[in-house]
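See below for entry-v4.pdb, which holds PDB, C-alpha atoms.
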```pdb
ATOM      1  CA  MET A 202      60.526 -10.412  64.990
ATOM      2  CA  ASN A 203      63.427  -9.596  62.666
ATOM      3  CA  THR A 204      66.301 -10.308  65.058
ATOM      4  CA  GLN A 205      69.002  -9.112  62.644
ATOM      5  CA  LYS A 206      67.288  -5.740  62.343
ATOM      6  CA  GLN A 207      66.805  -5.592  66.081
ATOM      7  CA  LYS A 208      70.515  -6.237  66.558
ATOM      8  CA  ARG A 209      71.510  -3.462  64.140
ATOM      9  CA  ILE A 210      69.133  -1.037  65.890
ATOM     10  CA  LYS A 211      70.509  -1.951  69.291
ATOM     11  CA  GLU A 212      74.040  -1.376  68.088
ATOM     12  CA  ILE A 213      73.249   2.121  66.790
ATOM     13  CA  LEU A 214      71.060   3.225  69.714
ATOM     14  CA  SER A 215      73.505   2.013  72.357
ATOM     15  CA  LYS A 216      75.949   4.695  71.154
ATOM     16  CA  LYS A 217      73.420   7.542  71.274
ATOM     17  CA  THR A 218      72.699  10.166  73.913
ATOM     18  CA  VAL A 219      69.277  11.784  74.240
ATOM     19  CA  GLY A 220      68.738  14.890  76.363
ATOM     20  CA  ILE A 221      65.365  15.356  78.055
ATOM     21  CA  ALA A 222      64.363  18.778  79.377
ATOM     22  CA  GLY A 223      61.731  18.149  82.040
ATOM     23  CA  ALA A 224      60.806  14.910  83.824
ATOM     24  CA  GLY A 225      57.045  15.424  84.099
ATOM     25  CA  GLY A 226      54.341  13.764  82.016
ATOM     26  CA  LEU A 227      56.171  14.055  78.703
ATOM     27  CA  GLY A 228      59.728  13.584  79.948
ATOM     28  CA  SER A 229      59.230  10.634  82.299
ATOM     29  CA  ASN A 230      57.206   8.638  79.777
ATOM     30  CA  ALA A 231      59.492   9.470  76.823
ATOM     31  CA  ALA A 232      62.528   8.492  78.929
ATOM     32  CA  VAL A 233      61.039   5.082  79.753
ATOM     33  CA  ALA A 234      60.138   4.433  76.090
ATOM     34  CA  LEU A 235      63.691   5.321  75.045
ATOM     35  CA  ALA A 236      65.216   3.218  77.828
ATOM     36  CA  ARG A 237      63.175   0.215  76.683
ATOM     37  CA  SER A 238      64.349   0.897  73.106
ATOM     38  CA  GLY A 239      68.000   0.612  74.148
ATOM     39  CA  ILE A 240      69.305   4.190  73.986
ATOM     40  CA  GLY A 241      72.808   4.229  75.489
ATOM     41  CA  GLN A 242      72.624   7.382  77.553
ATOM     42  CA  LEU A 243      70.010   9.849  78.781
ATOM     43  CA  ILE A 244      70.604  13.324  80.161
ATOM     44  CA  ILE A 245      67.539  14.129  82.285
ATOM     45  CA  VAL A 246      67.110  17.665  83.618
ATOM     46  CA  ASP A 247      64.395  18.665  86.109
ATOM     47  CA  PHE A 248      64.209  20.630  89.375
ATOM     48  CA  ASP A 249      60.973  19.224  90.818
ATOM     49  CA  VAL A 250      59.990  16.522  93.317
ATOM     50  CA  VAL A 251      57.346  13.801  92.860
ATOM     51  CA  GLU A 252      53.891  14.844  94.110
ATOM     52  CA  GLU A 253      50.701  12.851  94.429
ATOM     53  CA  SER A 254      49.022  14.923  91.698
ATOM     54  CA  ASN A 255      51.697  13.720  89.233
ATOM     55  CA  LEU A 256      50.719  10.066  89.510
ATOM     56  CA  ASN A 257      47.774  10.339  87.101
ATOM     57  CA  ARG A 258      50.184  10.605  84.155
ATOM     58  CA  GLN A 259      53.840  10.626  85.136
ATOM     59  CA  TYR A 260      56.066   7.541  85.410
ATOM     60  CA  TYR A 261      56.379   7.544  89.208
ATOM     61  CA  PHE A 262      54.951   5.496  92.064
ATOM     62  CA  LEU A 263      53.304   6.166  95.430
ATOM     63  CA  ASP A 264      56.420   5.168  97.373
ATOM     64  CA  GLN A 265      58.404   7.843  95.494
ATOM     65  CA  LEU A 266      56.423  10.862  96.753
ATOM     66  CA  GLY A 267      58.817  13.608  97.838
ATOM     67  CA  MET A 268      61.779  12.215  95.875
ATOM     68  CA  LYS A 269      63.575  14.353  93.319
ATOM     69  CA  LYS A 270      62.062  13.468  89.954
ATOM     70  CA  VAL A 271      65.475  12.917  88.372
ATOM     71  CA  ASP A 272      66.377  10.401  91.103
ATOM     72  CA  ALA A 273      63.007   8.627  91.009
ATOM     73  CA  LEU A 274      63.151   8.350  87.209
ATOM     74  CA  THR A 275      66.722   7.033  87.292
ATOM     75  CA  GLU A 276      65.581   4.392  89.802
ATOM     76  CA  ASN A 277      62.624   3.374  87.595
ATOM     77  CA  ILE A 278      64.699   3.199  84.416
ATOM     78  CA  HIS A 279      67.368   1.126  86.156
ATOM     79  CA  ARG A 280      64.658  -1.354  87.116
ATOM     80  CA  ILE A 281      64.112  -1.809  83.367
ATOM     81  CA  ASN A 282      67.712  -1.543  82.200
ATOM     82  CA  PRO A 283      70.409  -1.448  84.913
ATOM     83  CA  GLN A 284      73.166  -0.891  82.329
ATOM     84  CA  MET A 285      71.783   2.381  81.080
ATOM     85  CA  THR A 286      73.915   5.486  81.701
ATOM     86  CA  ILE A 287      71.800   8.279  83.135
ATOM     87  CA  ASP A 288      73.118  11.743  83.716
ATOM     88  CA  SER A 289      70.491  13.114  86.112
ATOM     89  CA  VAL A 290      70.707  16.864  86.556
ATOM     90  CA  GLN A 291      68.619  18.498  89.268
ATOM     91  CA  LEU A 292      68.405  21.988  87.880
ATOM     92  CA  LYS A 293      65.884  24.672  86.961
ATOM     93  CA  LEU A 294      66.642  25.682  83.383
ATOM     94  CA  GLU A 295      67.355  29.410  83.302
ATOM     95  CA  GLN A 296      67.188  31.622  80.235
ATOM     96  CA  GLY A 297      70.605  32.031  78.644
ATOM     97  CA  GLN A 298      71.927  28.755  80.108
ATOM     98  CA  MET A 299      69.267  26.319  78.941
ATOM     99  CA  HIS A 300      71.468  24.548  76.408
ATOM    100  CA  THR A 301      74.397  23.838  78.752
ATOM    101  CA  PRO A 302      73.319  20.410  80.142
ATOM    102  CA  PHE A 303      72.634  19.180  76.587
ATOM    103  CA  VAL A 304      75.849  20.030  74.739
ATOM    104  CA  SER A 305      76.783  16.338  74.331
ATOM    105  CA  ALA A 306      73.287  15.145  73.337
ATOM    106  CA  ASP A 307      72.603  13.768  69.843
ATOM    107  CA  ILE A 308      68.944  14.836  70.126
ATOM    108  CA  ILE A 309      67.042  16.922  72.669
ATOM    109  CA  ILE A 310      63.461  16.298  73.769
ATOM    110  CA  GLU A 311      61.569  19.370  74.975
ATOM    111  CA  ALA A 312      59.306  18.063  77.747
ATOM    112  CA  LEU A 313      58.578  21.271  79.627
ATOM    113  CA  ASP A 314      55.211  22.381  80.948
ATOM    114  CA  ASP A 315      54.759  26.105  80.525
ATOM    115  CA  ALA A 316      54.282  27.501  76.982
ATOM    116  CA  LYS A 317      56.550  30.475  77.598
ATOM    117  CA  THR A 318      59.365  28.245  78.884
ATOM    118  CA  LYS A 319      58.881  25.943  75.876
ATOM    119  CA  LYS A 320      59.317  28.877  73.516
ATOM    120  CA  ILE A 321      62.431  30.217  75.265
ATOM    121  CA  PHE A 322      63.951  26.723  75.408
ATOM    122  CA  ILE A 323      63.276  25.918  71.735
ATOM    123  CA  GLU A 324      64.658  29.280  70.570
ATOM    124  CA  GLU A 325      67.784  28.917  72.700
ATOM    125  CA  ILE A 326      68.536  25.406  71.498
ATOM    126  CA  LEU A 327      67.961  26.391  67.849
ATOM    127  CA  GLU A 328      70.344  29.282  68.311
ATOM    128  CA  LYS A 329      73.044  27.782  70.536
ATOM    129  CA  LEU A 330      73.045  24.147  69.403
ATOM    130  CA  PRO A 331      71.974  24.616  65.755
ATOM    131  CA  ASN A 332      73.092  21.134  64.718
ATOM    132  CA  THR A 333      71.179  19.264  67.412
ATOM    133  CA  PRO A 334      67.630  18.234  66.480
ATOM    134  CA  ILE A 335      64.903  19.146  68.993
ATOM    135  CA  VAL A 336      61.714  17.146  69.434
ATOM    136  CA  ALA A 337      59.061  19.300  71.118
ATOM    137  CA  ALA A 338      55.397  18.815  72.015
ATOM    138  CA  SER A 339      52.572  21.331  72.003
ATOM    139  CA  GLY A 340      48.940  20.655  72.887
ATOM    140  CA  VAL A 341      49.068  17.746  75.350
ATOM    141  CA  ALA A 342      46.061  18.725  77.490
ATOM    142  CA  GLY A 343      42.638  17.097  77.230
ATOM    143  CA  TYR A 344      41.437  13.661  76.125
ATOM    144  CA  GLY A 345      40.204  12.071  72.910
ATOM    145  CA  HIS A 346      40.937  13.648  69.509
ATOM    146  CA  SER A 347      43.984  11.434  68.960
ATOM    147  CA  ASP A 348      43.577  11.990  65.224
ATOM    148  CA  ARG A 349      44.344  15.689  65.576
ATOM    149  CA  ILE A 350      47.918  14.923  66.627
ATOM    150  CA  ASN A 351      50.496  15.329  63.877
ATOM    151  CA  THR A 352      54.201  16.081  63.449
ATOM    152  CA  GLN A 353      55.385  19.465  62.211
ATOM    153  CA  HIS A 354      58.906  19.518  60.798
ATOM    154  CA  LEU A 355      60.660  22.906  60.764
ATOM    155  CA  GLY A 356      64.239  22.102  59.850
ATOM    156  CA  ASN A 357      65.883  20.759  62.997
ATOM    157  CA  LEU A 358      62.749  21.379  65.055
ATOM    158  CA  HIS A 359      60.179  18.578  65.095
ATOM    159  CA  VAL A 360      56.939  19.249  66.961
ATOM    160  CA  CYS A 361      54.378  16.703  68.102
ATOM    161  CA  TYR A 362      51.386  18.960  67.669
ATOM    162  CA  ASP A 363      47.697  19.281  68.469
ATOM    163  CA  GLU A 364      46.936  22.797  67.350
ATOM    164  CA  GLN A 365      43.375  22.722  68.660
ATOM    165  CA  ALA A 366      44.179  21.595  72.203
ATOM    166  CA  LYS A 367      43.539  24.004  75.049
ATOM    167  CA  SER A 368      46.207  25.203  77.423
ATOM    168  CA  SER A 369      46.684  22.955  80.478
ATOM    169  CA  GLU A 370      45.559  25.871  82.679
ATOM    170  CA  LYS A 371      42.133  25.665  81.037
ATOM    171  CA  ASP A 372      41.933  21.896  80.598
ATOM    172  CA  VAL A 373      43.049  18.657  82.239
ATOM    173  CA  LEU A 374      46.233  16.606  81.902
ATOM    174  CA  LEU A 375      45.495  12.879  81.703
ATOM    175  CA  ALA A 376      47.633   9.823  81.070
ATOM    176  CA  PRO A 377      46.306   8.677  77.679
ATOM    177  CA  LYS A 378      47.015  11.854  75.713
ATOM    178  CA  VAL A 379      50.151  12.858  77.639
ATOM    179  CA  CYS A 380      51.628   9.356  77.212
ATOM    180  CA  LEU A 381      50.542   9.289  73.560
ATOM    181  CA  MET A 382      52.450  12.493  72.863
ATOM    182  CA  ALA A 383      55.456  11.467  75.008
ATOM    183  CA  ASN A 384      55.715   8.205  73.074
ATOM    184  CA  TRP A 385      55.167  10.117  69.829
ATOM    185  CA  GLN A 386      58.209  12.217  70.741
ATOM    186  CA  ALA A 387      60.207   9.063  71.536
ATOM    187  CA  ASN A 388      59.123   7.611  68.185
ATOM    188  CA  ILE A 389      60.256  10.736  66.283
ATOM    189  CA  THR A 390      63.551  10.462  68.179
ATOM    190  CA  LEU A 391      64.081   6.878  66.972
ATOM    191  CA  ASP A 392      63.196   7.960  63.459
ATOM    192  CA  LEU A 393      65.823  10.706  63.564
ATOM    193  CA  LEU A 394      68.492   8.449  65.068
ATOM    194  CA  LEU A 395      67.901   5.435  62.853
ATOM    195  CA  GLY A 396      66.435   6.667  59.560
ATOM    196  CA  ASP A 397      64.562   4.200  57.371
ATOM    197  CA  ASN A 398      67.316   2.001  55.981
ATOM    198  CA  ILE A 399      68.302  -0.151  58.927
TER     199      ILE A 399
ATOM    200  CA  MET B 279      52.990  35.739  43.432
ATOM    201  CA  SER B 280      52.296  33.519  46.419
ATOM    202  CA  ILE B 281      53.681  32.253  49.701
ATOM    203  CA  THR B 282      52.836  29.174  51.729
ATOM    204  CA  VAL B 283      51.854  29.362  55.391
ATOM    205  CA  ASN B 284      51.751  26.014  57.204
ATOM    206  CA  GLY B 285      51.359  24.295  53.846
ATOM    207  CA  LYS B 286      48.525  26.553  52.643
ATOM    208  CA  THR B 287      49.175  28.722  49.581
ATOM    209  CA  ILE B 288      48.119  32.334  49.961
ATOM    210  CA  GLU B 289      48.676  35.566  48.048
ATOM    211  CA  HIS B 290      52.028  37.305  48.447
ATOM    212  CA  ILE B 291      51.664  40.922  49.499
ATOM    213  CA  LYS B 292      54.550  43.286  48.763
ATOM    214  CA  LYS B 293      56.407  44.615  51.822
ATOM    215  CA  GLU B 294      54.316  42.473  54.177
ATOM    216  CA  THR B 295      56.114  41.869  57.487
ATOM    217  CA  ILE B 296      55.676  38.890  59.788
ATOM    218  CA  SER B 297      53.537  40.997  62.122
ATOM    219  CA  ASP B 298      51.290  41.928  59.167
ATOM    220  CA  LEU B 299      51.029  38.303  58.074
ATOM    221  CA  LEU B 300      50.163  37.080  61.573
ATOM    222  CA  LYS B 301      47.355  39.665  61.637
ATOM    223  CA  ARG B 302      46.163  38.673  58.153
ATOM    224  CA  MET B 303      46.083  34.990  59.187
ATOM    225  CA  HIS B 304      44.351  35.843  62.494
ATOM    226  CA  TYR B 305      47.213  34.165  64.397
ATOM    227  CA  THR B 306      46.732  35.905  67.705
ATOM    228  CA  PHE B 307      48.441  33.288  69.907
ATOM    229  CA  PRO B 308      50.836  34.867  72.372
ATOM    230  CA  LEU B 309      53.568  32.212  72.100
ATOM    231  CA  ILE B 310      54.644  31.105  68.687
ATOM    232  CA  ILE B 311      57.687  29.915  66.790
ATOM    233  CA  VAL B 312      58.042  31.391  63.303
ATOM    234  CA  LYS B 313      60.331  30.024  60.621
ATOM    235  CA  ILE B 314      60.702  31.385  57.103
ATOM    236  CA  ASN B 315      62.390  29.050  54.619
ATOM    237  CA  GLY B 316      63.740  27.079  57.562
ATOM    238  CA  LYS B 317      65.218  30.099  59.354
ATOM    239  CA  LEU B 318      64.026  30.956  62.856
ATOM    240  CA  ILE B 319      62.758  34.528  63.192
ATOM    241  CA  LYS B 320      62.859  36.075  66.646
ATOM    242  CA  LYS B 321      59.911  38.014  67.985
ATOM    243  CA  LYS B 322      61.840  41.298  68.090
ATOM    244  CA  ASP B 323      62.259  41.037  64.296
ATOM    245  CA  TYR B 324      58.583  40.388  63.449
ATOM    246  CA  ASN B 325      57.957  44.073  62.675
ATOM    247  CA  GLU B 326      60.984  44.432  60.395
ATOM    248  CA  THR B 327      61.199  41.092  58.618
ATOM    249  CA  VAL B 328      59.587  41.385  55.182
ATOM    250  CA  ILE B 329      58.284  38.188  53.624
ATOM    251  CA  LEU B 330      59.514  37.672  50.075
ATOM    252  CA  ASP B 331      57.569  36.069  47.257
ATOM    253  CA  LYS B 332      57.562  32.219  47.235
ATOM    254  CA  SER B 333      58.559  32.066  50.912
ATOM    255  CA  GLU B 334      57.608  29.066  52.984
ATOM    256  CA  VAL B 335      56.342  30.227  56.358
ATOM    257  CA  LYS B 336      55.726  27.942  59.321
ATOM    258  CA  VAL B 337      53.994  29.107  62.450
ATOM    259  CA  ILE B 338      53.799  26.819  65.481
ATOM    260  CA  HIS B 339      51.616  27.725  68.429
ATOM    261  CA  LEU B 340      53.039  26.707  71.803
ATOM    262  CA  ILE B 341      50.406  25.470  74.242
ATOM    263  CA  SER B 342      51.064  24.835  77.947
ATOM    264  CA  GLY B 343      51.101  21.253  79.271
ATOM    265  CA  GLY B 344      53.730  18.612  79.708
TER     266      GLY B 344
END
```
structure tokens encoding of this file:
Amino acid sequence: MNTQKQKRIKEILSKKTVGIAGAGGLGSNAAVALARSGIGQLIIVDFDVVEESNLNRQYYFLDQLGMKKVDALTENIHRINPQMTIDSVQLKLEQGQMHTPFVSADIIIEALDDAKTKKIFIEEILEKLPNTPIVAASGVAGYGHSDRINTQHLGNLHVCYDEQAKSSEKDVLLAPKVCLMANWQANITLDLLLGDNI
Amino acid sequence: MSITVNGKTIEHIKKETISDLLKRMHYTFPLIIVKINGKLIKKKDYNETVILDKSEVKVIHLISGG
């Protein structure tokens, strides 16, 4: 391991804030990957509670059933890195106000479930926070076909994308692909925050 | 006279709008993000926005799951 490089990365990431919209399969796993990477602050926004059906892919545990996801995720991240600052916001994102929790974020990860909500969220962020990069994901359902996943760059919008995936209503959500795409989003985030010349 | 759509070069058609292009490309997905030369185009403008020659069009299909 290149410890000098690791030190420089740590120094940069410790000053960064990443916003995460949604603490389900994408959001919980991306948050943990970013926490392990040494991001200074996370803003995590979700309205839901942990249910048993979430445990097949989301970063929660049996003894957390019924807890607010933002609280359970904060607890889990603090078990990895107790120093991390987490702004946990229990809130349902409403059209017109979706950008407000993320005003201070350096980058925003779209980790929502429903396609329509994804679209509204992405459009609102692009319009209201035009200088903040968004890392979205589309096509997380199913299994296999890892090679179909790619990144689409549209200016400040970066999409982890499997164009041929089915909607989650018509397919299944399972840990390997959901975690793959969540970590893909976290990896794009590091790329955007660090660049290549560290 | 050509435009690119998701990296693919296709013929540029005069006065073609985004709605026309989506039909031509058989993009029938209900939820998409469209950018032309990096600029986000809102759905309400799809019928009026004319695509100029040499434009770079990106269309992202949003699929439920997260």
* Leaving out region 352-358 of chain A and any residue of its chain fewer than 2 positions from it, which residues lie within 12 Å of it when counting all atoms listed in the file, given as a PyMOL selection string? -> (chain A and resi 307-311+320+322-328+330-340+348-350+360-364+382+385-386+388-390+393) or (chain B and resi 284-285+311-318+334-339)
* Just so the selection is clear, what residues does the PyMOL selection byres ((chain A and resi 313) around 7) cover here, as a list in words? ->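 Selected by the PyMOL selection byres ((chain A and resi 313) around 7) in this file: Ala222, Gly223, Glu311, Ala312, Asp314, Asp315 and Lys319 of chain A; Gly344 of chain B.
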* For the atom pair CA of Ile288 (chain B) and CA of Lys322 (chain B), what is the interatomic distance in Å to one decimal place? ->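 Distance reported for this atom pair: 24.4 Å.
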* **Atomic distance CA of Leu235 (chain A) - CA of Lys206 (chain A), expressed in Å with one decimal** =>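 Going from CA of Leu235 (chain A) over to CA of Lys206 (chain A) covers 17.2 Å.
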* To do: Go ahead and compute the interatomic distance for CA of Glu295 (chain A) and CA of Asp249 (chain A), in Å to one decimal.
  =>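 According to the coordinates, CA of Glu295 (chain A) and CA of Asp249 (chain A) are separated by 14.2 Å.
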* Selection result of the PyMOL selection byres ((chain A and resi 368) around 9) on this file, as a list in words ->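 With the PyMOL selection byres ((chain A and resi 368) around 9) on this model, the match is Ala316, Gly340, Val341, Ala342, Gly343, Ala366, Lys367, Ser369, Glu370, Lys371, Asp372 and Val373 of chain A; Leu340, Ile341, Ser342 and Gly343 of chain B.
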* To do: Write out as a PyMOL selection string each polymer residue whose atoms come within 10 Å of Val250 (chain A), counting only C-alpha atoms; drop sequence neighbours fewer than 2 positions from it.
  => chain A and resi 224-225+247-248+252+255+265-273+291
* Could you give me, as a ChimeraX atom specification, the residues within 12 Å of Ser297 (chain B), counting only C-alpha atoms and dropping anything in the same chain fewer than 5 positions from it? => /B:302-306,310,312,319-329,337
Would you output that residue set with C-alpha atoms, as a PDB file, keeping the file's coordinate frame?
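Below you can see out.pdb, which holds the result:
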```pdb
ATOM      1  CA  ARG B 302      46.163  38.673  58.153  1.00  0.00           C
ATOM      2  CA  MET B 303      46.083  34.990  59.187  1.00  0.00           C
ATOM      3  CA  HIS B 304      44.351  35.843  62.494  1.00  0.00           C
ATOM      4  CA  TYR B 305      47.213  34.165  64.397  1.00  0.00           C
ATOM      5  CA  THR B 306      46.732  35.905  67.705  1.00  0.00           C
ATOM      6  CA  ILE B 310      54.644  31.105  68.687  1.00  0.00           C
ATOM      7  CA  VAL B 312      58.042  31.391  63.303  1.00  0.00           C
ATOM      8  CA  ILE B 319      62.758  34.528  63.192  1.00  0.00           C
ATOM      9  CA  LYS B 320      62.859  36.075  66.646  1.00  0.00           C
ATOM     10  CA  LYS B 321      59.911  38.014  67.985  1.00  0.00           C
ATOM     11  CA  LYS B 322      61.840  41.298  68.090  1.00  0.00           C
ATOM     12  CA  ASP B 323      62.259  41.037  64.296  1.00  0.00           C
ATOM     13  CA  TYR B 324      58.583  40.388  63.449  1.00  0.00           C
ATOM     14  CA  ASN B 325      57.957  44.073  62.675  1.00  0.00           C
ATOM     15  CA  GLU B 326      60.984  44.432  60.395  1.00  0.00           C
ATOM     16  CA  THR B 327      61.199  41.092  58.618  1.00  0.00           C
ATOM     17  CA  VAL B 328      59.587  41.385  55.182  1.00  0.00           C
ATOM     18  CA  ILE B 329      58.284  38.188  53.624  1.00  0.00           C
ATOM     19  CA  VAL B 337      53.994  29.107  62.450  1.00  0.00           C
TER      20      VAL B 337
END
```
* Structure fact -> Min atom-atom distance to chain B from the set A:His346, A:Arg258, A:His279, A:His300, counting all atoms listed in the file, belongs to A:Arg258
* Asked: Counting all atoms listed in the file, which of A:Asn282, A:Asp392, A:Asn257, A:Gly228 gets nearest to chain B?
  ->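 Among A:Asn282, A:Asp392, A:Asn257, A:Gly228, it is A:Gly228 that comes nearest to chain B.
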* To do: Using all atoms listed in the file, determine which residues lie at most 8 Å from Asn384 (chain A), disregarding the query and same-chain residues fewer than 5 positions distant; provide the list as a count of residues only.
  => 3
* For chain B, which residue among A:Ala306, A:Leu375, A:Leu394, A:Met285 is the nearest when counting only C-alpha atoms? ->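 Among the listed residues, A:Leu375 lies closest to chain B.
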